[in-house]
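The structure appears right after this line, and notes come after that.
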Amino acid sequence: MNTTVESWGRRAAKNEALFREVNERIFSATEAFEAEGLEVLCECSNAECAETLHLSITEYRLIRARGNRFAVLAGHEDPTAESIVERNERFIVVEKIGESGDVARDLDPRG
């Protein structure tokens, strides 16, 4: 019997990808109403996190332009699987690296 243990990085990237999918649906609904901003779920690797953050439509689009980038609240980053690429007073943008980055890009709904 062949059993493999999924790595923390792979599991974390899958959690973040799930939050990204939910946020994509929020974005689609918000964009249809031509809103200036949106409230999205924190896209951290903690599957139990239910915190939200506010992004402008432009900020959201810039983050989604790269399949391995996610918006998270400060303190929710995981330095073992991602690096901080942008920081402001409302949120930080992290970029998944290594195996986590590969998984994040593979699961990107925007291709």
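Convention: chains lettered A, B, ... in structure tokens order; per-chain residue numbering from 1; ligands numbered from 1 as shown.
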
DSSP says helix (DSSP H, G or I) for which residues of chain A? Put them as a VMD selection string? chain A and resid 8 to 32 57 to 64 98 to 106

Selection export as a PDB file, in the first residue's frame, atoms kept: C-alpha atoms:
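again-v4.pdb was written with the following content:
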```pdb
ATOM      1  CA  TRP A   8       2.990  21.421   4.691  1.00  0.00           C
ATOM      2  CA  GLY A   9       3.854  23.714   1.766  1.00  0.00           C
ATOM      3  CA  ARG A  10       1.559  21.856  -0.613  1.00  0.00           C
ATOM      4  CA  ARG A  11      -1.286  21.770   1.924  1.00  0.00           C
ATOM      5  CA  ALA A  12      -0.839  25.475   2.745  1.00  0.00           C
ATOM      6  CA  ALA A  13      -0.888  26.404  -0.946  1.00  0.00           C
ATOM      7  CA  LYS A  14      -4.102  24.406  -1.427  1.00  0.00           C
ATOM      8  CA  ASN A  15      -5.739  26.262   1.487  1.00  0.00           C
ATOM      9  CA  GLU A  16      -4.709  29.601   0.018  1.00  0.00           C
ATOM     10  CA  ALA A  17      -5.954  28.560  -3.414  1.00  0.00           C
ATOM     11  CA  LEU A  18      -9.339  27.717  -1.891  1.00  0.00           C
ATOM     12  CA  PHE A  19      -9.603  31.215  -0.361  1.00  0.00           C
ATOM     13  CA  ARG A  20      -8.536  32.650  -3.723  1.00  0.00           C
ATOM     14  CA  GLU A  21     -11.397  30.792  -5.450  1.00  0.00           C
ATOM     15  CA  VAL A  22     -13.910  32.254  -3.006  1.00  0.00           C
ATOM     16  CA  ASN A  23     -12.430  35.718  -3.546  1.00  0.00           C
ATOM     17  CA  GLU A  24     -12.656  35.279  -7.323  1.00  0.00           C
ATOM     18  CA  ARG A  25     -16.403  34.777  -6.931  1.00  0.00           C
ATOM     19  CA  ILE A  26     -16.653  37.861  -4.713  1.00  0.00           C
ATOM     20  CA  PHE A  27     -14.641  39.821  -7.285  1.00  0.00           C
ATOM     21  CA  SER A  28     -16.886  38.709 -10.161  1.00  0.00           C
ATOM     22  CA  ALA A  29     -19.999  39.799  -8.296  1.00  0.00           C
ATOM     23  CA  THR A  30     -18.433  43.099  -7.235  1.00  0.00           C
ATOM     24  CA  GLU A  31     -17.098  43.872 -10.706  1.00  0.00           C
ATOM     25  CA  ALA A  32     -20.577  43.404 -12.185  1.00  0.00           C
ATOM     26  CA  ILE A  57     -10.401  46.632  -7.719  1.00  0.00           C
ATOM     27  CA  THR A  58      -7.001  47.686  -9.090  1.00  0.00           C
ATOM     28  CA  GLU A  59      -5.147  46.149  -6.125  1.00  0.00           C
ATOM     29  CA  TYR A  60      -7.077  42.920  -6.539  1.00  0.00           C
ATOM     30  CA  ARG A  61      -6.307  42.732 -10.259  1.00  0.00           C
ATOM     31  CA  LEU A  62      -2.589  43.362  -9.682  1.00  0.00           C
ATOM     32  CA  ILE A  63      -2.391  40.569  -7.107  1.00  0.00           C
ATOM     33  CA  ARG A  64      -4.296  38.148  -9.371  1.00  0.00           C
ATOM     34  CA  GLY A  98       9.278  26.573  -4.178  1.00  0.00           C
ATOM     35  CA  GLU A  99       6.768  23.726  -4.149  1.00  0.00           C
ATOM     36  CA  SER A 100       4.113  26.035  -2.688  1.00  0.00           C
ATOM     37  CA  GLY A 101       4.543  28.430  -5.601  1.00  0.00           C
ATOM     38  CA  ASP A 102       4.208  25.596  -8.106  1.00  0.00           C
ATOM     39  CA  VAL A 103       0.987  24.371  -6.476  1.00  0.00           C
ATOM     40  CA  ALA A 104      -0.424  27.901  -6.284  1.00  0.00           C
ATOM     41  CA  ARG A 105       0.217  28.493 -10.002  1.00  0.00           C
ATOM     42  CA  ASP A 106      -1.211  25.090 -10.932  1.00  0.00           C
TER      43      ASP A 106
END
```

Shell around Leu53 (chain A) at 12 Å using only C-alpha atoms, local window under 2 positions removed, as a list in words: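 Counting only C-alpha atoms, the residues come to Asn23, Gly37, Leu38, Glu39, Val40, Leu41, Cys42, Glu43, Cys44, Cys49, Ala50, Glu51, Leu55, Ser56, Glu59, Tyr60, Phe70, Ala71, Val72, Leu73, Ala74, Asn88, Glu89, Arg90, Phe91, Ile92 and Val93 of chain A.
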
Write out as a PyMOL selection string the set of residues from chain A that DSSP, computed on the backbone, places in strand (DSSP E or B). chain A and resi 37-41+52-56+69-72+82-87+92-96

Export N, CA and C atoms of the chosen residues as a CSV table (one decimal), in the first residue's frame?
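Dumped everything to out_22.csv:
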```csv
chain,number,residue,atom,x,y,z
A,37,GLY,N,-14.3,49.0,-4.7
A,37,GLY,CA,-13.5,48.1,-3.8
A,37,GLY,C,-14.3,46.9,-3.4
A,38,LEU,N,-13.6,46.0,-2.7
A,38,LEU,CA,-14.3,44.8,-2.3
A,38,LEU,C,-13.7,44.3,-1.0
A,39,GLU,N,-14.5,43.6,-0.2
A,39,GLU,CA,-14.0,42.9,1.0
A,39,GLU,C,-13.8,41.4,0.6
A,40,VAL,N,-12.6,41.0,0.8
A,40,VAL,CA,-12.2,39.6,0.5
A,40,VAL,C,-11.7,38.9,1.7
A,41,LEU,N,-11.7,37.6,1.6
A,41,LEU,CA,-11.1,36.7,2.7
A,41,LEU,C,-9.6,36.8,2.7
A,52,THR,N,-11.3,39.3,7.1
A,52,THR,CA,-11.4,39.9,5.8
A,52,THR,C,-10.5,41.1,5.7
A,53,LEU,N,-10.3,41.5,4.4
A,53,LEU,CA,-9.5,42.7,4.2
A,53,LEU,C,-10.1,43.5,3.0
A,54,HIS,N,-9.9,44.8,2.9
A,54,HIS,CA,-10.5,45.6,1.9
A,54,HIS,C,-9.4,45.9,0.8
A,55,LEU,N,-9.8,45.6,-0.4
A,55,LEU,CA,-8.9,45.9,-1.6
A,55,LEU,C,-9.6,46.7,-2.6
A,56,SER,N,-8.9,47.6,-3.3
A,56,SER,CA,-9.5,48.3,-4.4
A,56,SER,C,-9.5,47.2,-5.6
A,69,ARG,N,0.7,34.8,-6.1
A,69,ARG,CA,0.6,35.9,-5.1
A,69,ARG,C,-0.8,35.9,-4.4
A,70,PHE,N,-0.8,36.2,-3.1
A,70,PHE,CA,-2.0,36.2,-2.3
A,70,PHE,C,-2.0,37.4,-1.4
A,71,ALA,N,-3.2,37.9,-1.0
A,71,ALA,CA,-3.3,39.0,-0.1
A,71,ALA,C,-3.7,38.4,1.3
A,72,VAL,N,-2.9,38.8,2.3
A,72,VAL,CA,-3.1,38.4,3.6
A,72,VAL,C,-2.9,39.5,4.6
A,82,GLU,N,6.7,31.4,1.7
A,82,GLU,CA,6.4,32.6,0.9
A,82,GLU,C,7.2,33.8,1.3
A,83,SER,N,7.3,34.7,0.4
A,83,SER,CA,8.1,36.0,0.8
A,83,SER,C,7.1,37.1,0.6
A,84,ILE,N,7.3,38.2,1.4
A,84,ILE,CA,6.5,39.4,1.3
A,84,ILE,C,7.0,40.2,0.1
A,85,VAL,N,6.1,40.6,-0.8
A,85,VAL,CA,6.5,41.4,-2.0
A,85,VAL,C,5.9,42.8,-1.9
A,86,GLU,N,4.9,43.0,-1.1
A,86,GLU,CA,4.3,44.3,-0.9
A,86,GLU,C,3.7,44.4,0.5
A,87,ARG,N,3.7,45.6,1.0
A,87,ARG,CA,3.1,45.8,2.3
A,87,ARG,C,2.5,47.2,2.4
A,92,ILE,N,-0.8,42.7,3.3
A,92,ILE,CA,0.5,42.4,2.7
A,92,ILE,C,0.2,41.5,1.5
A,93,VAL,N,1.1,41.5,0.5
A,93,VAL,CA,1.0,40.6,-0.6
A,93,VAL,C,2.2,39.6,-0.4
A,94,VAL,N,1.9,38.4,-0.4
A,94,VAL,CA,2.9,37.3,-0.3
A,94,VAL,C,3.0,36.6,-1.7
A,95,GLU,N,4.2,36.1,-1.9
A,95,GLU,CA,4.5,35.3,-3.1
A,95,GLU,C,4.9,33.9,-2.7
A,96,LYS,N,4.2,32.9,-3.0
A,96,LYS,CA,4.5,31.5,-2.7
A,96,LYS,C,5.8,31.2,-3.4
```

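Proximity ranking of A:Gly67, A:Ser7, A:Glu36, A:Ser45 relative to Gly111 (chain A) places A:Gly67 first, based on only C-alpha atoms.
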